[in-house]
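Listing of input_27.tsv, TSV, C-alpha atoms
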```tsv
chain	number	residue	atom	x	y	z
A	835	MET	CA	-1.26	-32.31	-74.74
A	836	PRO	CA	0.95	-29.17	-74.96
A	837	SER	CA	1.65	-27.23	-71.79
A	838	THR	CA	-0.72	-24.37	-71.03
A	839	ASP	CA	0.41	-20.77	-70.65
A	840	ALA	CA	-0.24	-20.67	-66.91
A	841	PRO	CA	-1.12	-23.35	-64.35
A	842	LEU	CA	-4.84	-23.63	-63.75
A	843	THR	CA	-6.71	-25.78	-61.26
A	844	ILE	CA	-9.16	-28.37	-62.60
A	845	LEU	CA	-11.68	-30.22	-60.48
A	846	LEU	CA	-12.00	-33.72	-61.94
A	847	VAL	CA	-15.19	-35.58	-60.95
A	848	ASP	CA	-15.78	-39.26	-61.87
A	849	ASP	CA	-17.05	-42.22	-59.88
A	850	GLU	CA	-14.61	-44.60	-61.64
A	851	GLN	CA	-11.22	-44.60	-59.94
A	852	ASP	CA	-9.25	-45.79	-62.98
A	853	VAL	CA	-10.72	-42.96	-65.09
A	854	ARG	CA	-9.76	-40.44	-62.43
A	855	GLU	CA	-6.20	-41.77	-62.24
A	856	ILE	CA	-5.63	-41.82	-65.99
A	857	LEU	CA	-7.09	-38.32	-66.52
A	858	GLN	CA	-5.19	-36.97	-63.53
A	859	MET	CA	-1.86	-38.10	-64.99
A	860	ALA	CA	-2.70	-36.57	-68.38
A	861	LEU	CA	-3.79	-33.27	-66.83
A	862	VAL	CA	-0.76	-33.01	-64.52
A	863	ASP	CA	1.54	-33.71	-67.50
A	864	ALA	CA	-0.19	-30.85	-69.30
A	865	GLY	CA	0.64	-28.47	-66.44
A	866	TYR	CA	-2.69	-28.36	-64.61
A	867	GLN	CA	-3.24	-28.66	-60.88
A	868	VAL	CA	-5.86	-31.35	-60.30
A	869	LEU	CA	-8.43	-31.78	-57.52
A	870	LEU	CA	-10.27	-35.12	-57.40
A	871	ALA	CA	-13.81	-36.09	-56.38
A	872	ALA	CA	-15.60	-39.44	-56.70
A	873	ASP	CA	-19.16	-38.08	-56.58
A	874	GLY	CA	-21.16	-34.91	-57.03
A	875	ARG	CA	-21.62	-34.05	-53.35
A	876	THR	CA	-17.93	-34.32	-52.59
A	877	ALA	CA	-17.20	-32.32	-55.72
A	878	MET	CA	-19.54	-29.55	-54.60
A	879	ASP	CA	-17.82	-29.29	-51.21
A	880	ILE	CA	-14.40	-29.09	-52.91
A	881	PHE	CA	-15.69	-26.52	-55.40
A	882	LEU	CA	-17.07	-24.24	-52.69
A	883	ASP	CA	-13.74	-24.37	-50.88
A	884	ALA	CA	-11.29	-24.10	-53.80
A	885	GLN	CA	-13.31	-22.28	-56.51
A	886	PRO	CA	-11.44	-23.90	-59.44
A	887	PRO	CA	-11.95	-22.12	-62.80
A	888	ILE	CA	-12.54	-25.41	-64.70
A	889	VAL	CA	-14.58	-28.47	-63.72
A	890	LEU	CA	-14.38	-31.73	-65.68
A	891	THR	CA	-17.24	-34.02	-64.62
A	892	ASP	CA	-18.90	-37.25	-65.61
A	893	ILE	CA	-22.63	-37.00	-66.29
A	894	LYS	CA	-23.80	-40.30	-64.79
A	895	MET	CA	-22.83	-40.59	-61.12
A	896	PRO	CA	-24.55	-41.84	-57.97
A	897	GLN	CA	-26.02	-39.47	-55.32
A	898	MET	CA	-25.72	-36.35	-57.54
A	899	ASP	CA	-25.40	-36.61	-61.30
A	900	GLY	CA	-23.29	-34.29	-63.46
A	901	ILE	CA	-26.24	-32.21	-64.66
A	902	GLU	CA	-27.26	-31.35	-61.09
A	903	LEU	CA	-23.62	-30.61	-60.21
A	904	LEU	CA	-23.42	-28.33	-63.27
A	905	ARG	CA	-26.53	-26.44	-62.19
A	906	ARG	CA	-25.23	-25.91	-58.65
A	907	ILE	CA	-21.79	-24.82	-59.81
A	908	LYS	CA	-23.26	-22.30	-62.24
A	909	HIS	CA	-25.52	-21.01	-59.49
A	910	GLU	CA	-22.48	-20.41	-57.23
A	911	ASN	CA	-20.20	-19.03	-59.94
A	912	PRO	CA	-21.56	-18.55	-63.46
A	913	GLU	CA	-18.02	-17.91	-64.76
A	914	THR	CA	-16.78	-21.44	-63.99
A	915	GLU	CA	-16.18	-23.46	-67.16
A	916	VAL	CA	-17.67	-26.97	-66.91
A	917	ILE	CA	-16.81	-29.75	-69.38
A	918	MET	CA	-19.08	-32.80	-69.31
A	919	ILE	CA	-17.92	-36.41	-69.79
A	920	THR	CA	-20.52	-38.71	-71.31
A	921	GLY	CA	-20.91	-42.17	-72.82
A	922	HIS	CA	-21.99	-42.74	-76.43
A	923	GLY	CA	-25.54	-43.50	-75.35
A	924	ASP	CA	-25.97	-40.29	-73.34
A	925	MET	CA	-26.05	-37.70	-76.13
A	926	GLU	CA	-29.39	-36.29	-75.01
A	927	LEU	CA	-27.94	-35.63	-71.54
A	928	ALA	CA	-24.87	-34.07	-73.13
A	929	ILE	CA	-26.99	-31.73	-75.21
A	930	SER	CA	-29.07	-30.92	-72.14
A	931	SER	CA	-25.90	-29.94	-70.30
A	932	LEU	CA	-25.17	-27.35	-72.98
A	933	LYS	CA	-28.53	-25.78	-72.24
A	934	HIS	CA	-27.35	-25.38	-68.66
A	935	GLN	CA	-24.28	-23.49	-69.91
A	936	ALA	CA	-21.72	-26.28	-69.95
A	937	CYS	CA	-18.64	-25.21	-71.90
A	938	ASP	CA	-18.35	-28.46	-73.89
A	939	PHE	CA	-18.72	-32.24	-73.64
A	940	ILE	CA	-16.45	-35.15	-74.55
A	941	THR	CA	-17.31	-38.82	-74.90
A	942	LYS	CA	-15.84	-41.95	-73.37
A	943	PRO	CA	-13.42	-43.48	-74.01
A	944	ILE	CA	-11.72	-40.10	-73.69
A	945	ASP	CA	-9.39	-39.07	-76.48
A	946	VAL	CA	-6.53	-36.98	-75.06
A	947	GLU	CA	-6.41	-34.69	-78.08
A	948	ALA	CA	-10.15	-34.07	-77.91
A	949	LEU	CA	-9.82	-33.27	-74.20
A	950	ASP	CA	-6.99	-30.88	-74.99
A	951	VAL	CA	-9.14	-29.06	-77.55
A	952	SER	CA	-11.96	-28.77	-74.98
A	953	LEU	CA	-9.63	-27.45	-72.30
A	954	GLN	CA	-8.09	-24.91	-74.69
A	955	ARG	CA	-11.58	-23.73	-75.54
A	956	ALA	CA	-12.36	-23.33	-71.83
A	957	ARG	CA	-9.09	-21.46	-71.27
A	958	GLU	CA	-9.86	-19.15	-74.18
A	959	ARG	CA	-13.29	-18.37	-72.72
A	960	ILE	CA	-11.66	-17.57	-69.38
A	961	ARG	CA	-9.05	-15.39	-71.06
A	962	MET	CA	-11.62	-13.49	-73.11
A	963	ARG	CA	-13.79	-12.93	-70.04
A	964	GLN	CA	-10.83	-11.60	-68.05
A	965	GLN	CA	-9.87	-9.37	-70.96
A	966	LEU	CA	-13.42	-8.06	-71.16
A	967	GLN	CA	-13.42	-7.36	-67.42
A	968	THR	CA	-10.13	-5.48	-67.79
A	969	TYR	CA	-11.53	-3.46	-70.68
A	970	THR	CA	-14.65	-2.71	-68.64
A	971	ARG	CA	-12.60	-1.53	-65.64
A	972	ASN	CA	-10.43	0.62	-67.91
A	973	LEU	CA	-13.52	2.08	-69.55
A	974	GLU	CA	-15.05	2.86	-66.15
A	975	ALA	CA	-11.79	4.52	-65.10
A	976	LEU	CA	-11.73	6.56	-68.31
A	977	LEU	CA	-15.34	7.61	-67.80
A	978	HIS	CA	-14.53	8.61	-64.22
A	979	GLU	CA	-11.51	10.60	-65.41
A	980	LYS	CA	-13.63	12.22	-68.11
A	981	SER	CA	-16.23	13.20	-65.53
A	982	GLN	CA	-13.54	14.65	-63.26
A	983	LEU	CA	-12.00	16.50	-66.20
A	984	GLN	CA	-15.38	17.95	-67.16
A	985	ASP	CA	-15.94	19.08	-63.56
A	986	HIS	CA	-12.46	20.56	-63.45
A	987	LEU	CA	-12.93	22.35	-66.77
A	988	SER	CA	-16.27	23.70	-65.58
A	989	SER	CA	-14.63	24.97	-62.40
A	990	LEU	CA	-11.76	26.36	-64.44
A	991	GLY	CA	-14.20	28.24	-66.66
A	992	LEU	CA	-15.93	29.67	-63.61
A	993	MET	CA	-12.59	30.60	-62.08
A	994	ILE	CA	-11.39	32.34	-65.23
A	995	GLY	CA	-14.63	34.29	-65.42
A	996	SER	CA	-14.41	35.10	-61.72
A	997	ILE	CA	-10.83	36.36	-61.69
A	998	SER	CA	-10.70	38.07	-65.10
A	999	HIS	CA	-12.07	41.36	-63.77
A	1000	SER	CA	-9.78	41.15	-60.75
A	1001	ILE	CA	-6.72	40.62	-62.93
A	1002	LYS	CA	-7.75	43.48	-65.20
A	1003	GLY	CA	-8.20	45.79	-62.22
A	1004	LEU	CA	-4.86	44.79	-60.68
A	1005	LEU	CA	-3.00	45.31	-63.96
A	1006	THR	CA	-4.67	48.68	-64.43
A	1007	GLY	CA	-3.60	49.68	-60.92
A	1008	LEU	CA	-0.07	48.43	-61.58
A	1009	ASP	CA	0.08	50.44	-64.82
A	1010	GLY	CA	-1.05	53.51	-62.89
A	1011	GLY	CA	1.65	53.02	-60.28
A	1012	ILE	CA	4.34	52.52	-62.93
A	1013	TYR	CA	3.13	55.68	-64.72
A	1014	LEU	CA	3.31	57.75	-61.54
A	1015	LEU	CA	6.72	56.31	-60.71
A	1016	GLY	CA	8.08	57.08	-64.19
A	1017	ARG	CA	6.61	60.55	-64.23
A	1018	GLY	CA	8.05	61.31	-60.80
A	1019	LEU	CA	11.50	60.11	-61.84
A	1020	LYS	CA	11.43	62.39	-64.91
A	1021	LYS	CA	10.38	65.40	-62.85
A	1022	HIS	CA	12.48	64.49	-59.83
A	1023	ASP	CA	9.25	64.71	-57.86
A	1024	ASN	CA	9.83	62.67	-54.69
A	1025	ASP	CA	6.18	62.80	-53.64
A	1026	GLN	CA	5.04	61.41	-56.96
A	1027	ILE	CA	7.80	58.78	-56.88
A	1028	GLU	CA	6.70	57.67	-53.41
A	1029	GLU	CA	3.03	57.57	-54.43
A	1030	GLY	CA	3.82	55.54	-57.55
A	1031	TRP	CA	6.08	53.14	-55.65
A	1032	LYS	CA	3.43	52.52	-52.97
A	1033	THR	CA	0.89	51.78	-55.67
A	1034	VAL	CA	3.28	49.33	-57.37
A	1035	GLN	CA	3.96	47.59	-54.05
A	1036	LEU	CA	0.25	47.36	-53.24
A	1037	MET	CA	-0.68	45.95	-56.65
A	1038	THR	CA	2.27	43.52	-56.57
A	1039	ASP	CA	1.15	42.20	-53.17
A	1040	ARG	CA	-2.40	41.74	-54.44
A	1041	ILE	CA	-1.22	39.99	-57.61
A	1042	ARG	CA	0.98	37.70	-55.51
A	1043	LYS	CA	-1.96	36.81	-53.28
A	1044	LEU	CA	-4.19	36.14	-56.27
A	1045	VAL	CA	-1.59	33.86	-57.86
A	1046	MET	CA	-1.10	31.96	-54.58
A	1047	ASP	CA	-4.88	31.50	-54.25
A	1048	ILE	CA	-5.07	30.12	-57.79
A	1049	LEU	CA	-2.15	27.75	-57.15
A	1050	PHE	CA	-3.73	26.60	-53.89
A	1051	TYR	CA	-7.00	25.87	-55.65
A	1052	ALA	CA	-5.37	24.18	-58.67
A	1053	LYS	CA	-2.95	21.87	-56.84
A	1054	LYS	CA	-3.51	19.94	-53.63
A	1055	ARG	CA	-0.66	19.98	-51.13
A	1056	ASP	CA	-0.05	17.54	-48.32
A	1057	MET	CA	-0.17	18.99	-44.83
A	1058	GLN	CA	3.26	19.92	-43.43
A	1059	TRP	CA	2.77	19.43	-39.71
A	1060	GLU	CA	5.21	21.30	-37.48
A	1061	LYS	CA	5.65	21.84	-33.77
A	1062	VAL	CA	4.93	25.56	-33.40
A	1063	ASP	CA	5.41	28.02	-30.55
A	1064	LEU	CA	1.84	29.32	-30.60
A	1065	ALA	CA	2.66	32.55	-28.77
A	1066	GLN	CA	5.40	33.37	-31.28
A	1067	PHE	CA	3.18	32.35	-34.22
A	1068	ALA	CA	0.39	34.63	-32.97
A	1069	GLU	CA	2.82	37.53	-32.49
A	1070	GLU	CA	4.36	37.14	-35.97
A	1071	THR	CA	0.89	36.97	-37.54
A	1072	ALA	CA	-0.17	40.11	-35.64
A	1073	ARG	CA	2.91	41.98	-36.86
A	1074	ALA	CA	2.11	40.99	-40.45
A	1075	MET	CA	-1.42	42.28	-39.97
A	1076	GLU	CA	-0.19	45.57	-38.53
A	1077	GLY	CA	2.13	45.98	-41.51
A	1078	ARG	CA	-0.82	45.79	-43.88
A	1079	LEU	CA	-2.73	48.45	-41.97
A	1080	LYS	CA	-0.14	51.20	-42.36
A	1081	GLU	CA	-1.73	54.39	-43.65
A	1082	THR	CA	-5.20	52.80	-43.89
A	1083	GLY	CA	-6.52	54.63	-40.83
A	1084	ILE	CA	-7.84	51.32	-39.47
A	1085	ALA	CA	-7.10	50.65	-35.80
A	1086	PHE	CA	-5.68	47.28	-34.77
A	1087	ARG	CA	-5.99	45.46	-31.49
A	1088	ARG	CA	-4.60	42.10	-30.37
A	1089	GLU	CA	-6.14	40.03	-27.61
A	1090	PHE	CA	-3.99	37.06	-26.59
A	1091	SER	CA	-5.00	35.03	-23.56
A	1092	GLY	CA	-2.95	32.11	-22.35
A	1093	PRO	CA	-1.31	29.94	-21.78
A	1094	LEU	CA	-0.54	29.66	-25.51
A	1095	ALA	CA	1.16	26.25	-25.49
A	1096	ASP	CA	3.26	24.81	-28.29
A	1097	CYS	CA	1.19	23.06	-30.92
A	1098	GLU	CA	1.32	21.06	-34.14
A	1099	ILE	CA	-0.18	22.77	-37.18
A	1100	ASP	CA	0.76	23.58	-40.74
A	1101	PRO	CA	1.91	27.13	-39.96
A	1102	SER	CA	2.04	28.26	-43.58
A	1103	TYR	CA	-1.53	27.10	-44.20
A	1104	VAL	CA	-2.94	28.58	-41.00
A	1105	HIS	CA	-1.15	31.87	-41.68
A	1106	THR	CA	-2.71	31.94	-45.17
A	1107	ALA	CA	-6.17	31.30	-43.71
A	1108	LEU	CA	-5.81	34.06	-41.11
A	1109	MET	CA	-4.46	36.59	-43.59
A	1110	ASN	CA	-7.34	35.84	-45.98
A	1111	LEU	CA	-9.77	36.66	-43.18
A	1112	PHE	CA	-7.75	39.74	-42.28
A	1113	ASP	CA	-7.83	41.02	-45.87
A	1114	ASN	CA	-11.57	40.45	-45.83
A	1115	ALA	CA	-11.81	42.54	-42.64
A	1116	ILE	CA	-9.77	45.36	-44.22
A	1117	ASP	CA	-12.09	45.37	-47.23
A	1118	ALA	CA	-15.15	45.47	-44.93
A	1119	CYS	CA	-13.72	48.53	-43.14
A	1120	GLN	CA	-12.76	50.34	-46.34
A	1121	ARG	CA	-16.21	49.78	-47.85
A	1122	ASP	CA	-17.88	51.26	-44.78
A	1123	THR	CA	-17.80	54.95	-45.73
A	1124	LYS	CA	-19.90	55.93	-42.70
A	1125	ASN	CA	-17.40	54.69	-40.13
A	1126	ASP	CA	-14.31	56.83	-39.66
A	1127	GLU	CA	-12.96	54.77	-36.76
A	1128	CYS	CA	-13.02	51.21	-37.98
A	1129	ARG	CA	-11.15	48.64	-35.91
A	1130	ILE	CA	-9.90	45.09	-36.47
A	1131	THR	CA	-9.25	42.78	-33.52
A	1132	PHE	CA	-7.09	39.65	-33.72
A	1133	SER	CA	-7.55	37.24	-30.81
A	1134	VAL	CA	-5.96	33.91	-29.86
A	1135	ALA	CA	-6.95	31.77	-26.88
A	1136	PRO	CA	-6.91	28.15	-25.69
A	1137	ASP	CA	-10.28	26.56	-25.07
A	1138	ASN	CA	-10.74	23.07	-23.64
A	1139	GLY	CA	-8.26	21.24	-25.84
A	1140	HIS	CA	-8.62	23.60	-28.79
A	1141	ILE	CA	-7.11	26.81	-30.11
A	1142	VAL	CA	-9.54	29.59	-31.00
A	1143	PHE	CA	-8.50	32.33	-33.42
A	1144	GLY	CA	-10.77	35.32	-33.90
A	1145	ILE	CA	-10.73	38.14	-36.43
A	1146	GLU	CA	-13.33	40.79	-35.76
A	1147	ASP	CA	-14.00	44.06	-37.58
A	1148	THR	CA	-16.36	46.97	-37.11
A	1149	GLY	CA	-16.85	47.36	-40.85
A	1150	ILE	CA	-19.79	47.19	-43.20
A	1151	GLY	CA	-21.06	43.78	-42.07
A	1152	MET	CA	-23.21	41.30	-44.00
A	1153	ASP	CA	-26.77	40.10	-44.11
A	1154	GLU	CA	-27.66	36.48	-43.31
A	1155	ALA	CA	-27.97	35.43	-46.96
A	1156	THR	CA	-24.44	36.66	-47.74
A	1157	SER	CA	-23.01	34.99	-44.62
A	1158	LYS	CA	-24.42	31.61	-45.68
A	1159	LYS	CA	-22.80	31.80	-49.13
A	1160	LEU	CA	-19.52	33.30	-47.97
A	1161	PHE	CA	-17.41	30.11	-48.15
A	1162	THR	CA	-18.86	28.92	-51.48
A	1163	LEU	CA	-16.39	28.56	-54.33
A	1164	PHE	CA	-16.35	31.66	-56.61
A	1165	PHE	CA	-18.90	33.53	-54.51
A	1166	SER	CA	-17.76	37.04	-53.64
A	1167	SER	CA	-19.57	39.83	-51.84
A	1168	LYS	CA	-17.14	42.31	-53.44
A	1169	GLY	CA	-18.64	42.09	-56.93
A	1170	ILE	CA	-16.09	42.26	-59.75
A	1171	LYS	CA	-13.35	43.15	-57.26
A	1172	GLY	CA	-13.42	39.69	-55.67
A	1173	THR	CA	-12.47	36.24	-56.99
A	1174	GLY	CA	-14.46	34.05	-54.62
A	1175	LEU	CA	-11.33	32.00	-53.86
A	1176	GLY	CA	-9.93	33.41	-50.62
A	1177	LEU	CA	-12.60	32.37	-48.11
A	1178	TYR	CA	-13.23	29.07	-49.91
A	1179	ILE	CA	-9.52	28.27	-49.54
A	1180	THR	CA	-9.60	29.38	-45.90
A	1181	LYS	CA	-12.45	26.97	-45.13
A	1182	ASN	CA	-10.57	24.11	-46.83
A	1183	ILE	CA	-7.44	24.84	-44.80
A	1184	ILE	CA	-9.36	24.79	-41.53
A	1185	GLU	CA	-11.18	21.57	-42.43
A	1186	GLN	CA	-7.85	19.92	-43.35
A	1187	HIS	CA	-6.74	20.71	-39.81
A	1188	GLY	CA	-9.89	19.06	-38.47
A	1189	GLY	CA	-11.21	22.42	-37.33
A	1190	THR	CA	-14.24	24.64	-37.90
A	1191	ILE	CA	-14.83	28.20	-39.03
A	1192	THR	CA	-17.91	30.29	-38.30
A	1193	VAL	CA	-18.98	33.84	-39.01
A	1194	ALA	CA	-21.33	36.16	-37.12
A	1195	SER	CA	-22.20	39.43	-38.82
A	1196	THR	CA	-24.67	42.29	-38.65
A	1197	PRO	CA	-25.10	44.83	-41.47
A	1198	GLY	CA	-23.54	48.15	-40.47
A	1199	LYS	CA	-21.95	46.74	-37.31
A	1200	GLY	CA	-19.21	44.43	-38.53
A	1201	SER	CA	-18.30	40.75	-38.57
A	1202	ARG	CA	-16.47	38.20	-36.46
A	1203	PHE	CA	-14.82	35.11	-37.91
A	1204	THR	CA	-13.97	32.36	-35.42
A	1205	ILE	CA	-11.57	29.51	-36.21
A	1206	THR	CA	-11.39	26.56	-33.84
A	1207	LEU	CA	-8.55	24.06	-34.28
A	1208	PRO	CA	-8.04	20.85	-32.28
A	1209	LYS	CA	-4.92	20.64	-30.18
A	1210	LYS	CA	-3.15	17.74	-31.81
A	1211	ALA	CA	-1.84	17.13	-35.26
A	1212	GLY	CA	-4.02	17.87	-36.39
A	1213	GLN	CA	-4.53	18.51	-32.76
A	1214	CYS	CA	-2.43	21.06	-31.02
A	1215	LYS	CA	-0.30	19.38	-28.40
A	1216	ASP	CA	-0.14	20.94	-24.96
A	1217	MET	CA	3.51	20.66	-23.98
A	1218	GLU	CA	3.66	22.55	-20.77
```
Would you mind writing the file out in structure tokens?
Amino acid sequence: MPSTDAPLTILLVDDEQDVREILQMALVDAGYQVLLAADGRTAMDIFLDAQPPIVLTDIKMPQMDGIELLRRIKHENPETEVIMITGHGDMELAISSLKHQACDFITKPIDVEALDVSLQRARERIRMRQQLQTYTRNLEALLHEKSQLQDHLSSLGLMIGSISHSIKGLLTGLDGGIYLLGRGLKKHDNDQIEEGWKTVQLMTDRIRKLVMDILFYAKKRDMQWEKVDLAQFAEETARAMEGRLKETGIAFRREFSGPLADCEIDPSYVHTALMNLFDNAIDACQRDTKNDECRITFSVAPDNGHIVFGIEDTGIGMDEATSKKLFTLFFSSKGIKGTGLGLYITKNIIEQHGGTITVASTPGKGSRFTITLPKKAGQCKDME
């Protein structure tokens, strides 16, 4: 028999020792690994332990005949290929074995070429089944990818619809700033130049934030844990907040209570989350036309193994229904002026840190967002 493409294990079962020895030599020469059993019960024990892909068994044996062995093997593993060995007078048993899903049968005395044909047939069945399983797995993977792509495209469509008005408004504002700047330069009007330049800066900052939000949503980024001086991080964040409040008329207050120990966070991510909440607070103050003395408070404090950040405003506030939807993707309480990305991204950032974010708000009285982060990486590490 020619060598097979890859070594396979065959369980050879026959109660005649000379038959076992002759067939074993032929099978080993053909490149197979051979396990031997003299009866059906022994064969079943070996099969359960080794799970060979091919079984070659005599039909007539004491204790457990080949038909019963075939039934038990197929019950344990329907994919096992079983070839029956039968005498010339046992054709009815051989045909019966086919009904029990035997792969083939050969007659004694065994012709080596006939055995080779039977084994090649069994190998082909195994190969085709493996190929089918591979195709099935690939198809399942493709269907999964298709489902993910459809979800992504649906989200993309929602995102495009959500941000289109925002982009249009930002570009219109940028055009207005450029117009004022150009007009002021022509007239040498410093006031108009300053007004136009401030508008350009404001629109540029908003466009930058929108682009960063889109990039954050579109592409996942691994956490970049760093050991951070929490007191310094809080101070730098507060200064950035104060910078955004210039000429808004909104008062700012910081409330830091210590000790603010060093910690391990992704500082860029946490800064993004806090600034998103801060921008939301600015918007809440600016939309509250009845309140001339709006205030935003930024607080940082340790709390029983956690860090608690708070951003509180005395702006327009929200009702309960709005508060519940606030962190939903593409939901915005700002109408066409919002994208519904900022607070969704903020919630994701906090959850990636193993933390929580909550909001308490009353219409006409303002809102408070509370972020609680664990103290180690993600849990801030007290290093005093």
- Query: From the set A:Val1034, A:Leu1108, A:Val951, A:Ile1084, which residue has the shortest atom-to-atom contact distance to A:Thr1071, counting all atoms listed in the file?
  - Reply: A:Leu1108
- Please indicate the distance in Å from atom CA of A:Arg1202 to atom CA of A:Asp1056, rounded to one decimal place. 28.9 Å
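Distances here use all atoms listed in the file; by that measure, the residue among A:Met1037, A:Asp1113, A:Ile888, A:Gly1198 closest to A:Arg957 is A:Ile888.
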- In Å, how far is it from atom CA of A:Thr1190 to atom CA of A:Val1142? 9.7 Å
Give the padded box for stretch 1093-1100 of chain A as JSON: axis-aligned, covering all atoms listed in the file, 5 Å on each side, centre and edge lengths in Å to one decimal.
```
{"center_x": 1.0, "center_y": 25.5, "center_z": -31.3, "size_x": 14.6, "size_y": 18.9, "size_z": 29.0}
```
Write out, as JSON lines, each residue of stretch 882-931 of chain A that has an atom at most 12 Å from stretch 861-873 of chain A, together with the closest pair of atoms and their distance in Å to one decimal, counting only C-alpha atoms, rows going by chain and rising number.
```
{"residue": "A:Asp883", "atom": "CA", "partner": "A:Leu869", "partner_atom": "CA", "distance": 11.3}
{"residue": "A:Ala884", "atom": "CA", "partner": "A:Leu869", "partner_atom": "CA", "distance": 9.0}
{"residue": "A:Gln885", "atom": "CA", "partner": "A:Leu869", "partner_atom": "CA", "distance": 10.7}
{"residue": "A:Pro886", "atom": "CA", "partner": "A:Leu869", "partner_atom": "CA", "distance": 8.7}
{"residue": "A:Pro887", "atom": "CA", "partner": "A:Gln867", "partner_atom": "CA", "distance": 11.1}
{"residue": "A:Ile888", "atom": "CA", "partner": "A:Val868", "partner_atom": "CA", "distance": 10.0}
{"residue": "A:Val889", "atom": "CA", "partner": "A:Leu869", "partner_atom": "CA", "distance": 9.3}
{"residue": "A:Leu890", "atom": "CA", "partner": "A:Leu870", "partner_atom": "CA", "distance": 9.8}
{"residue": "A:Thr891", "atom": "CA", "partner": "A:Ala871", "partner_atom": "CA", "distance": 9.2}
{"residue": "A:Asp892", "atom": "CA", "partner": "A:Asp873", "partner_atom": "CA", "distance": 9.1}
{"residue": "A:Ile893", "atom": "CA", "partner": "A:Asp873", "partner_atom": "CA", "distance": 10.4}
{"residue": "A:Lys894", "atom": "CA", "partner": "A:Asp873", "partner_atom": "CA", "distance": 9.7}
{"residue": "A:Met895", "atom": "CA", "partner": "A:Asp873", "partner_atom": "CA", "distance": 6.4}
{"residue": "A:Pro896", "atom": "CA", "partner": "A:Asp873", "partner_atom": "CA", "distance": 6.7}
{"residue": "A:Gln897", "atom": "CA", "partner": "A:Asp873", "partner_atom": "CA", "distance": 7.1}
{"residue": "A:Met898", "atom": "CA", "partner": "A:Asp873", "partner_atom": "CA", "distance": 6.9}
{"residue": "A:Asp899", "atom": "CA", "partner": "A:Asp873", "partner_atom": "CA", "distance": 8.0}
{"residue": "A:Gly900", "atom": "CA", "partner": "A:Asp873", "partner_atom": "CA", "distance": 8.9}
{"residue": "A:Glu902", "atom": "CA", "partner": "A:Asp873", "partner_atom": "CA", "distance": 11.5}
{"residue": "A:Leu903", "atom": "CA", "partner": "A:Asp873", "partner_atom": "CA", "distance": 9.4}
```
- Query: Counting all atoms listed in the file, what is within 10 Å of A:Lys908, bar same-chain residues fewer than 5 positions away, as number ranges by chain?
  - Reply: A: 902-903, 913-916, 934-936
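The coordinates place atom CA of A:Glu1069 at 20.0 Å from atom CA of A:Thr1180.
For the residues A:Asn1024, A:Gln965, A:Thr1192, A:Ser1091, ranking by smallest atom-to-atom distance to A:Pro1136 using all atoms listed in the file places A:Ser1091 first.
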- Which neighbours of stretch 1072-1074 of chain A fall inside 9 Å, counting only C-alpha atoms, when residues of the same chain fewer than 2 positions from it are skipped, and could you give them as JSON, numbers by chain? {"A": [1067, 1068, 1069, 1070, 1076, 1077, 1078, 1087, 1088, 1109, 1132]}
Could you take the residues named above and write them with C-alpha atoms, as a PDB file, keeping the file's coordinate frame?
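As a result, out10.pdb now contains:
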```pdb
ATOM      1  CA  PHE A1067       3.180  32.350 -34.220  1.00  0.00           C
ATOM      2  CA  ALA A1068       0.390  34.630 -32.970  1.00  0.00           C
ATOM      3  CA  GLU A1069       2.820  37.530 -32.490  1.00  0.00           C
ATOM      4  CA  GLU A1070       4.360  37.140 -35.970  1.00  0.00           C
ATOM      5  CA  GLU A1076      -0.190  45.570 -38.530  1.00  0.00           C
ATOM      6  CA  GLY A1077       2.130  45.980 -41.510  1.00  0.00           C
ATOM      7  CA  ARG A1078      -0.820  45.790 -43.880  1.00  0.00           C
ATOM      8  CA  ARG A1087      -5.990  45.460 -31.490  1.00  0.00           C
ATOM      9  CA  ARG A1088      -4.600  42.100 -30.370  1.00  0.00           C
ATOM     10  CA  MET A1109      -4.460  36.590 -43.590  1.00  0.00           C
ATOM     11  CA  PHE A1132      -7.090  39.650 -33.720  1.00  0.00           C
TER      12      PHE A1132
END
```
- Query: Of the candidates A:Gly1007, A:Gly1018, A:Gly1149, A:Gly1092, which shows the shortest atom-to-atom distance to A:Pro1197, using only C-alpha atoms?
  - Reply: A:Gly1149
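Each of A:Cys1097, A:Ile1145, A:Val853, A:Leu1160 was checked against A:Met1075 using only C-alpha atoms; the smallest atom-to-atom distance is that of A:Ile1145.
Taking all atoms listed in the file into account, the polymer residues that have an atom no farther than 12 Å from (-17.0, 57.0, -40.4) are Gly1083, Ile1084, Cys1119, Gln1120, Arg1121, Asp1122, Thr1123, Lys1124, Asn1125, Asp1126, Glu1127, Cys1128, Arg1129, Thr1148, Gly1149, Ile1150, Gly1198 and Lys1199 of chain A.
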Could you list, as an mmCIF file with C-alpha atoms, keeping the file's coordinate frame, every residue within 9 Å of A:Asp1100, counting only C-alpha atoms and ignoring same-chain residues fewer than 5 positions away?
```cif
data_model
loop_
_atom_site.group_PDB
_atom_site.id
_atom_site.type_symbol
_atom_site.label_atom_id
_atom_site.label_comp_id
_atom_site.auth_asym_id
_atom_site.auth_seq_id
_atom_site.Cartn_x
_atom_site.Cartn_y
_atom_site.Cartn_z
ATOM 1 C CA MET A 1057 -0.170 18.990 -44.830
ATOM 2 C CA GLN A 1058 3.260 19.920 -43.430
ATOM 3 C CA TRP A 1059 2.770 19.430 -39.710
ATOM 4 C CA GLU A 1060 5.210 21.300 -37.480
ATOM 5 C CA LYS A 1061 5.650 21.840 -33.770
ATOM 6 C CA VAL A 1062 4.930 25.560 -33.400
ATOM 7 C CA HIS A 1105 -1.150 31.870 -41.680
ATOM 8 C CA HIS A 1187 -6.740 20.710 -39.810
ATOM 9 C CA ALA A 1211 -1.840 17.130 -35.260
ATOM 10 C CA GLY A 1212 -4.020 17.870 -36.390
#
```
